[in-house]
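Working notes for the structure below.
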Amino acid sequence: MTYTPKSSPPPPGPALPVLPAVPAQAAPPARPPQNTPTPSAPPSGPRRTAFAEGLDQLRSAATTEPGRLRIIGALLALLVIAFGAVTAWQMTDRAAAADDVLTRSQPLSSDAADIYRSLADANTAASSGFLAGGQESSATRDRYERDIRTAAEKLVNAAANAEPGSPSTATIAKLNRLLPEYKGLVERARTYNRQGFPVGGAYLRYANEKMQQEMLPAAEDLYKKENQRLSADYADATPYPWAAIALGVAALAALAWAQHRNYRRTNRVLNHGLVAATATAAVVLLWLVVGHTVARAGLNDSYDHGVRSLNVLHDARIASLKARGNENLTLVARGAETKKIGERTYDAYDYDFGTDIKALAAHLAAAEKLADDTSGERPVTAAVGNMTEWKKRHTAAREQDENGNYQQALDRVIGTKGATGECFDSVDENLRTALAHEETEFERAAGDGRDALTGMPAGAAVLAVLGAAGAVLGIGRRLSEYR
């Protein structure tokens, strides 16, 4: 046994002093080494757009048959709706233009021609009354007043239908200003003529100059502007609706493809919804092509055998009125107005008469060619015969005047029997009859053209909605097989 001695405690010593605690100082922050880049957060990618996310969802849906069917159904419905919408839009524009041709632009063109005719006829009646002197007939006076009243009424109608600020508006305002000025000059000429003052002839010539140099050119300008407006309406009404036709063909092709695809996957020949959509699209396309073709044929016929004939007949009537006015003024002026052509000097009004008669002959020849039936050709042929006789009687009257037989010349121009006035009245009456016939032909053809478009915009829209619903229901029937 081994004995281990116990350790004794150390001997006591002097106590050690207690030192106060020294606070610990914070270590200075570590400084990054020079030229060492500070690390930054990793860059995040660009935020994806809703379109990109939708495209991904579409791709994901297209990997399954139900997803593909939903996409096909949506595209078919959209295509059929687009076809109906474009058809309704294009045919609405064409139907409105066709209606404008029939009810607005052509009537306004005829009104502009009537303004010209009324002014020219008033000028002719004024000169005829002046030649009669104090023995002016009530019929001549009434004719002058009626022409002035007609011109004023037609100007009011033209102003009501003209677009504000258009060139036609300025022309109408000019004619409204000149008309009372012309009427005042004619009344002065009549007053002095009844009193036997030669100055009456000067006032009548001044009135004629205002008519020939200011009023008739303005009326002719208005007539041309309204004809341009009519041509613009025809240009809007007749073009084929190619956009709608192309969409219709595309819709039918897509529906045929969808049904073929359905047959290959299910061996089912018919899908009722898709068949209904195809039928409605085919009806709209057929209606569109046939209806517009019929409308186009009617409008083209109204232009070729209506508007063209009306324009030529209006020009012929105007030429006859100008010729009659110049014939009367030849006797009013009694050689006071001359015109030098080359080395020869002519009576100015008689020279203009010859120019107007040549224009009348040319217009009548064109009207005969354009007449497409006996009712339209007969009055024109009669007017040609009247014009030929008119030229003969005018030559005889001029011979009397040049030989100093003024009264005999006057009787051959404004007399009651065998005068040139009878020929002029016959020409004017036959042209009026021809104009009435061609107006009826125009209204019939243009009305048929407009009526062929009736109901098409609304019908196309309704059928397109039904076709789109059929396409959706047909695809929905297939989708129900996956539930």
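Chain labels run A, B, ... following the order of the structure tokens; each chain numbers its residues from 1, and ligands are numbered from 1 in the order shown.
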Extract, using only C-alpha atoms, all DNA, RNA and protein residues at most 6 Å from stretch 424-433 of chain A, discarding same-chain residues fewer than 2 positions from it, and format them as a compact mmCIF listing (two decimals) with N, CA, C and O atoms, in the first residue's frame.
```txt
# COMPACT_ATOMS: atom_id res chain seq x y z
N PRO A 379 -88.00 61.53 -130.85
CA PRO A 379 -87.96 62.98 -130.66
C PRO A 379 -86.64 63.61 -131.09
O PRO A 379 -86.62 64.76 -131.54
N ALA A 383 -86.17 66.55 -133.81
CA ALA A 383 -85.41 67.78 -133.52
C ALA A 383 -84.40 68.06 -134.62
O ALA A 383 -84.16 69.23 -134.96
N ASN A 386 -86.32 69.69 -137.38
CA ASN A 386 -86.64 71.07 -137.00
C ASN A 386 -85.43 71.98 -137.15
O ASN A 386 -85.55 73.14 -137.60
N GLY A 421 -88.94 81.16 -135.06
CA GLY A 421 -89.38 80.86 -133.71
C GLY A 421 -90.14 79.56 -133.62
O GLY A 421 -90.05 78.85 -132.61
N GLU A 422 -90.90 79.22 -134.67
CA GLU A 422 -91.61 77.94 -134.68
C GLU A 422 -90.63 76.77 -134.66
O GLU A 422 -90.85 75.77 -133.95
N LEU A 435 -85.61 64.27 -123.13
CA LEU A 435 -85.05 64.34 -121.77
C LEU A 435 -85.95 63.61 -120.77
O LEU A 435 -85.45 62.89 -119.89
N ALA A 436 -87.26 63.78 -120.91
CA ALA A 436 -88.17 63.09 -120.00
C ALA A 436 -88.06 61.58 -120.15
O ALA A 436 -88.08 60.83 -119.16
```
DSSP on the backbone: which residues in stretch 279-397 of chain A end up as alpha helix (DSSP H)? Give the answer as a compact mmCIF listing (two decimals) with N, CA and C atoms, in the first residue's frame.
```
# COMPACT_ATOMS: atom_id res chain seq x y z
N ALA A 279 -72.56 26.79 -94.51
CA ALA A 279 -73.72 27.19 -95.30
C ALA A 279 -73.97 28.70 -95.21
N THR A 280 -73.87 29.26 -94.01
CA THR A 280 -74.12 30.71 -93.88
C THR A 280 -73.03 31.52 -94.59
N ALA A 281 -71.79 31.08 -94.48
CA ALA A 281 -70.71 31.79 -95.17
C ALA A 281 -70.89 31.72 -96.68
N ALA A 282 -71.31 30.55 -97.18
CA ALA A 282 -71.54 30.40 -98.62
C ALA A 282 -72.69 31.28 -99.10
N VAL A 283 -73.75 31.37 -98.28
CA VAL A 283 -74.90 32.23 -98.65
C VAL A 283 -74.47 33.69 -98.71
N VAL A 284 -73.71 34.14 -97.73
CA VAL A 284 -73.26 35.54 -97.72
C VAL A 284 -72.38 35.83 -98.92
N LEU A 285 -71.44 34.91 -99.22
CA LEU A 285 -70.54 35.13 -100.35
C LEU A 285 -71.31 35.15 -101.67
N LEU A 286 -72.24 34.21 -101.83
CA LEU A 286 -73.03 34.18 -103.06
C LEU A 286 -73.90 35.43 -103.20
N TRP A 287 -74.52 35.84 -102.09
CA TRP A 287 -75.34 37.05 -102.08
C TRP A 287 -74.49 38.26 -102.44
N LEU A 288 -73.30 38.30 -101.86
CA LEU A 288 -72.40 39.43 -102.12
C LEU A 288 -72.03 39.52 -103.60
N VAL A 289 -71.60 38.41 -104.18
CA VAL A 289 -71.13 38.43 -105.57
C VAL A 289 -72.29 38.70 -106.53
N VAL A 290 -73.38 37.96 -106.37
CA VAL A 290 -74.51 38.10 -107.30
C VAL A 290 -75.19 39.46 -107.12
N GLY A 291 -75.43 39.85 -105.87
CA GLY A 291 -76.11 41.12 -105.62
C GLY A 291 -75.33 42.30 -106.14
N HIS A 292 -74.02 42.31 -105.88
CA HIS A 292 -73.22 43.45 -106.35
C HIS A 292 -73.08 43.43 -107.86
N THR A 293 -73.02 42.24 -108.47
CA THR A 293 -72.95 42.17 -109.93
C THR A 293 -74.21 42.75 -110.57
N VAL A 294 -75.36 42.40 -110.01
CA VAL A 294 -76.63 42.94 -110.52
C VAL A 294 -76.69 44.45 -110.32
N ALA A 295 -76.27 44.91 -109.13
CA ALA A 295 -76.29 46.34 -108.84
C ALA A 295 -75.35 47.09 -109.77
N ARG A 296 -74.18 46.52 -109.98
CA ARG A 296 -73.20 47.16 -110.87
C ARG A 296 -73.74 47.25 -112.29
N ALA A 297 -74.40 46.17 -112.76
CA ALA A 297 -74.97 46.18 -114.11
C ALA A 297 -76.04 47.26 -114.24
N GLY A 298 -76.90 47.38 -113.21
CA GLY A 298 -77.94 48.39 -113.25
C GLY A 298 -77.38 49.80 -113.24
N LEU A 299 -76.39 50.05 -112.41
CA LEU A 299 -75.79 51.38 -112.34
C LEU A 299 -75.04 51.72 -113.62
N ASN A 300 -74.32 50.73 -114.19
CA ASN A 300 -73.62 50.99 -115.45
C ASN A 300 -74.62 51.28 -116.58
N ASP A 301 -75.74 50.55 -116.57
CA ASP A 301 -76.77 50.80 -117.58
C ASP A 301 -77.38 52.19 -117.40
N SER A 302 -77.58 52.59 -116.14
CA SER A 302 -78.14 53.93 -115.90
C SER A 302 -77.19 55.02 -116.36
N ARG A 308 -75.38 59.61 -119.77
CA ARG A 308 -74.71 60.09 -120.98
C ARG A 308 -75.71 60.74 -121.93
N SER A 309 -76.86 60.10 -122.12
CA SER A 309 -77.88 60.68 -123.00
C SER A 309 -78.42 61.98 -122.42
N LEU A 310 -78.62 62.02 -121.12
CA LEU A 310 -79.12 63.25 -120.49
C LEU A 310 -78.13 64.39 -120.67
N ASN A 311 -76.85 64.11 -120.49
CA ASN A 311 -75.85 65.16 -120.65
C ASN A 311 -75.84 65.72 -122.08
N VAL A 312 -75.90 64.82 -123.05
CA VAL A 312 -75.88 65.26 -124.45
C VAL A 312 -77.14 66.06 -124.77
N LEU A 313 -78.28 65.60 -124.29
CA LEU A 313 -79.53 66.31 -124.56
C LEU A 313 -79.57 67.67 -123.88
N HIS A 314 -79.04 67.73 -122.65
CA HIS A 314 -78.95 69.03 -121.97
C HIS A 314 -78.08 69.99 -122.78
N ASP A 315 -76.95 69.48 -123.26
CA ASP A 315 -76.06 70.33 -124.06
C ASP A 315 -76.74 70.79 -125.35
N ALA A 316 -77.51 69.89 -125.97
CA ALA A 316 -78.22 70.26 -127.19
C ALA A 316 -79.27 71.33 -126.91
N ARG A 317 -79.97 71.18 -125.83
CA ARG A 317 -81.00 72.19 -125.50
C ARG A 317 -80.37 73.54 -125.20
N ILE A 318 -79.25 73.52 -124.50
CA ILE A 318 -78.55 74.78 -124.20
C ILE A 318 -78.06 75.43 -125.48
N ALA A 319 -77.51 74.62 -126.40
CA ALA A 319 -77.03 75.16 -127.67
C ALA A 319 -78.16 75.79 -128.47
N SER A 320 -79.34 75.16 -128.46
CA SER A 320 -80.47 75.73 -129.20
C SER A 320 -80.92 77.04 -128.57
N LEU A 321 -80.90 77.13 -127.25
CA LEU A 321 -81.28 78.37 -126.57
C LEU A 321 -80.29 79.50 -126.88
N LYS A 322 -79.02 79.17 -126.86
CA LYS A 322 -78.02 80.19 -127.19
C LYS A 322 -78.15 80.64 -128.64
N ALA A 323 -78.43 79.69 -129.54
CA ALA A 323 -78.60 80.06 -130.94
C ALA A 323 -79.80 80.99 -131.10
N ARG A 324 -80.91 80.68 -130.43
CA ARG A 324 -82.09 81.53 -130.53
C ARG A 324 -81.83 82.92 -129.96
N GLY A 325 -81.13 82.98 -128.84
CA GLY A 325 -80.82 84.29 -128.27
C GLY A 325 -79.95 85.13 -129.19
N ASN A 326 -78.94 84.53 -129.79
CA ASN A 326 -78.06 85.27 -130.70
C ASN A 326 -78.81 85.68 -131.97
N GLU A 327 -79.75 84.84 -132.42
CA GLU A 327 -80.54 85.20 -133.59
C GLU A 327 -81.37 86.45 -133.32
N ASN A 328 -81.99 86.51 -132.16
CA ASN A 328 -82.77 87.69 -131.80
C ASN A 328 -81.90 88.93 -131.66
N LEU A 329 -80.74 88.75 -131.02
CA LEU A 329 -79.86 89.91 -130.79
C LEU A 329 -79.25 90.43 -132.09
N THR A 330 -79.21 89.60 -133.11
CA THR A 330 -78.75 90.09 -134.42
C THR A 330 -79.64 91.22 -134.91
N LEU A 331 -80.95 91.07 -134.67
CA LEU A 331 -81.89 92.11 -135.09
C LEU A 331 -81.93 93.26 -134.09
N VAL A 332 -81.69 92.96 -132.80
CA VAL A 332 -81.68 94.04 -131.80
C VAL A 332 -80.50 94.97 -132.05
N ALA A 333 -79.32 94.40 -132.27
CA ALA A 333 -78.11 95.22 -132.42
C ALA A 333 -78.05 95.92 -133.77
N ALA A 348 -71.47 90.06 -135.09
CA ALA A 348 -71.01 89.23 -133.96
C ALA A 348 -72.06 88.21 -133.54
N TYR A 349 -73.32 88.65 -133.46
CA TYR A 349 -74.36 87.74 -132.99
C TYR A 349 -74.72 86.70 -134.05
N ASP A 350 -74.68 87.08 -135.32
CA ASP A 350 -74.97 86.12 -136.37
C ASP A 350 -73.85 85.07 -136.46
N TYR A 351 -72.61 85.49 -136.24
CA TYR A 351 -71.49 84.55 -136.25
C TYR A 351 -71.64 83.55 -135.09
N ASP A 352 -72.02 84.04 -133.90
CA ASP A 352 -72.23 83.16 -132.75
C ASP A 352 -73.41 82.22 -132.99
N PHE A 353 -74.43 82.71 -133.72
CA PHE A 353 -75.56 81.84 -134.06
C PHE A 353 -75.07 80.64 -134.87
N GLY A 354 -74.22 80.90 -135.85
CA GLY A 354 -73.70 79.80 -136.66
C GLY A 354 -72.91 78.81 -135.84
N THR A 355 -72.12 79.30 -134.89
CA THR A 355 -71.36 78.41 -134.00
C THR A 355 -72.29 77.55 -133.15
N ASP A 356 -73.35 78.17 -132.62
CA ASP A 356 -74.29 77.44 -131.76
C ASP A 356 -75.07 76.39 -132.55
N ILE A 357 -75.43 76.71 -133.79
CA ILE A 357 -76.16 75.74 -134.61
C ILE A 357 -75.27 74.53 -134.92
N LYS A 358 -74.00 74.75 -135.17
CA LYS A 358 -73.08 73.63 -135.40
C LYS A 358 -72.97 72.76 -134.15
N ALA A 359 -72.90 73.40 -132.99
CA ALA A 359 -72.85 72.63 -131.74
C ALA A 359 -74.13 71.85 -131.54
N LEU A 360 -75.27 72.47 -131.86
CA LEU A 360 -76.56 71.77 -131.74
C LEU A 360 -76.58 70.54 -132.64
N ALA A 361 -76.11 70.68 -133.87
CA ALA A 361 -76.09 69.54 -134.80
C ALA A 361 -75.22 68.41 -134.27
N ALA A 362 -74.07 68.75 -133.70
CA ALA A 362 -73.17 67.72 -133.17
C ALA A 362 -73.81 67.01 -131.98
N HIS A 363 -74.46 67.75 -131.08
CA HIS A 363 -75.10 67.13 -129.91
C HIS A 363 -76.26 66.24 -130.32
N LEU A 364 -77.04 66.67 -131.31
CA LEU A 364 -78.16 65.85 -131.76
C LEU A 364 -77.68 64.56 -132.41
N ALA A 365 -76.58 64.64 -133.16
CA ALA A 365 -76.02 63.42 -133.77
C ALA A 365 -75.57 62.44 -132.68
N ALA A 366 -74.94 62.96 -131.64
CA ALA A 366 -74.51 62.09 -130.54
C ALA A 366 -75.71 61.50 -129.80
N ALA A 367 -76.77 62.30 -129.63
CA ALA A 367 -77.97 61.81 -128.95
C ALA A 367 -78.64 60.70 -129.74
N GLU A 368 -78.64 60.79 -131.08
CA GLU A 368 -79.22 59.73 -131.91
C GLU A 368 -78.45 58.43 -131.74
N LYS A 369 -77.14 58.50 -131.63
CA LYS A 369 -76.35 57.29 -131.45
C LYS A 369 -76.59 56.65 -130.08
N LEU A 370 -76.81 57.48 -129.07
CA LEU A 370 -77.00 56.96 -127.72
C LEU A 370 -78.40 56.45 -127.47
N THR A 374 -86.92 53.14 -129.69
CA THR A 374 -87.66 54.02 -130.60
C THR A 374 -88.19 55.24 -129.87
N SER A 375 -88.62 55.07 -128.62
CA SER A 375 -89.17 56.20 -127.87
C SER A 375 -88.13 57.28 -127.62
N GLY A 376 -86.88 56.88 -127.48
CA GLY A 376 -85.83 57.87 -127.27
C GLY A 376 -85.30 58.44 -128.56
N GLU A 377 -85.35 57.65 -129.63
CA GLU A 377 -84.79 58.11 -130.89
C GLU A 377 -85.74 59.03 -131.65
N ARG A 378 -87.06 58.79 -131.54
CA ARG A 378 -88.02 59.53 -132.34
C ARG A 378 -87.96 61.04 -132.09
N PRO A 379 -88.00 61.53 -130.85
CA PRO A 379 -87.96 62.98 -130.66
C PRO A 379 -86.64 63.61 -131.09
N VAL A 380 -85.55 62.87 -130.98
CA VAL A 380 -84.26 63.41 -131.41
C VAL A 380 -84.24 63.57 -132.93
N THR A 381 -84.77 62.57 -133.63
CA THR A 381 -84.84 62.67 -135.09
C THR A 381 -85.72 63.84 -135.52
N ALA A 382 -86.82 64.02 -134.80
CA ALA A 382 -87.69 65.15 -135.11
C ALA A 382 -86.97 66.48 -134.87
N ALA A 383 -86.17 66.55 -133.81
CA ALA A 383 -85.41 67.78 -133.52
C ALA A 383 -84.40 68.06 -134.62
N VAL A 384 -83.80 67.02 -135.18
CA VAL A 384 -82.85 67.22 -136.29
C VAL A 384 -83.57 67.85 -137.48
N GLY A 385 -84.79 67.36 -137.80
CA GLY A 385 -85.55 67.94 -138.90
C GLY A 385 -85.92 69.39 -138.62
N ASN A 386 -86.32 69.69 -137.38
CA ASN A 386 -86.64 71.07 -137.00
C ASN A 386 -85.43 71.98 -137.15
N MET A 387 -84.27 71.48 -136.76
CA MET A 387 -83.05 72.29 -136.85
C MET A 387 -82.71 72.59 -138.31
N THR A 388 -82.87 71.61 -139.17
CA THR A 388 -82.58 71.82 -140.59
C THR A 388 -83.48 72.92 -141.17
N GLU A 389 -84.76 72.86 -140.84
CA GLU A 389 -85.68 73.89 -141.31
C GLU A 389 -85.36 75.25 -140.70
N TRP A 390 -84.93 75.23 -139.46
CA TRP A 390 -84.56 76.48 -138.78
C TRP A 390 -83.42 77.17 -139.54
N LYS A 391 -82.43 76.41 -139.93
CA LYS A 391 -81.29 77.00 -140.65
C LYS A 391 -81.74 77.62 -141.97
N LYS A 392 -82.67 76.97 -142.67
CA LYS A 392 -83.16 77.52 -143.93
C LYS A 392 -83.90 78.84 -143.70
N ARG A 393 -84.76 78.87 -142.71
CA ARG A 393 -85.53 80.09 -142.44
C ARG A 393 -84.62 81.21 -141.94
N HIS A 394 -83.61 80.84 -141.17
CA HIS A 394 -82.68 81.87 -140.70
C HIS A 394 -81.92 82.51 -141.87
N THR A 395 -81.51 81.69 -142.81
CA THR A 395 -80.80 82.22 -143.99
C THR A 395 -81.70 83.20 -144.76
N ALA A 396 -82.98 82.84 -144.90
CA ALA A 396 -83.92 83.73 -145.59
C ALA A 396 -84.11 85.04 -144.82
N ALA A 397 -84.19 84.96 -143.49
CA ALA A 397 -84.35 86.18 -142.69
C ALA A 397 -83.13 87.07 -142.80
```
(request) Using only C-alpha atoms, pick whichever of A:Ala170, A:Arg190, A:Ala162, A:Ala218 has the shortest atom-to-atom distance to A:Arg141. (result)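 Going through A:Ala170, A:Arg190, A:Ala162, A:Ala218 one by one, the smallest distance to A:Arg141 is for A:Arg190.
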(request) Go ahead and compute the interatomic distance for atom CA of A:Thr278 and atom CA of A:Phe83, in Å to one decimal. (result) 12.3 Å
Find the residues near A:Asn161: any atom within 9 Å, counting only C-alpha atoms, skip ones fewer than 5 places away on the same chain, and give them as a PDB file with N, CA and C atoms, in the first residue's frame.
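So out-v3.pdb came out as:
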```pdb
ATOM      1  N   ARG A 104     -79.785  62.073-105.219  1.00  0.00           N
ATOM      2  CA  ARG A 104     -79.122  63.338-104.887  1.00  0.00           C
ATOM      3  C   ARG A 104     -78.270  63.890-106.021  1.00  0.00           C
ATOM      4  N   LEU A 108     -79.421  66.742-108.735  1.00  0.00           N
ATOM      5  CA  LEU A 108     -78.746  68.036-108.627  1.00  0.00           C
ATOM      6  C   LEU A 108     -78.047  68.398-109.934  1.00  0.00           C
ATOM      7  N   VAL A 156     -81.979  77.932-105.042  1.00  0.00           N
ATOM      8  CA  VAL A 156     -82.252  77.684-103.617  1.00  0.00           C
ATOM      9  C   VAL A 156     -82.069  76.205-103.292  1.00  0.00           C
TER      10      VAL A 156
END
```
(request) Write out as a ChimeraX atom specification each polymer residue whose atoms come within 6 Å of A:Ala77, counting only C-alpha atoms; drop sequence neighbours fewer than 3 positions from it. (result) /A:74,80,468
(request) Tell me which protein, DNA and RNA residues are within 7 Å of stretch 262-277 of chain A, counting only C-alpha atoms, leaving out same-chain ones fewer than 3 positions away, and put them as a PyMOL selection string. (result) chain A and resi 255+258-259+280-281+467-468+470-471+473-474
(message) Let me make sure I understand: among A:Asp142, A:Glu187, A:Asp99, A:Asp372, which one has the smallest atom-to-atom distance to A:Leu204 if we use only C-alpha atoms?
(response)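 Counting only C-alpha atoms, the residue closest to A:Leu204 is A:Glu187.
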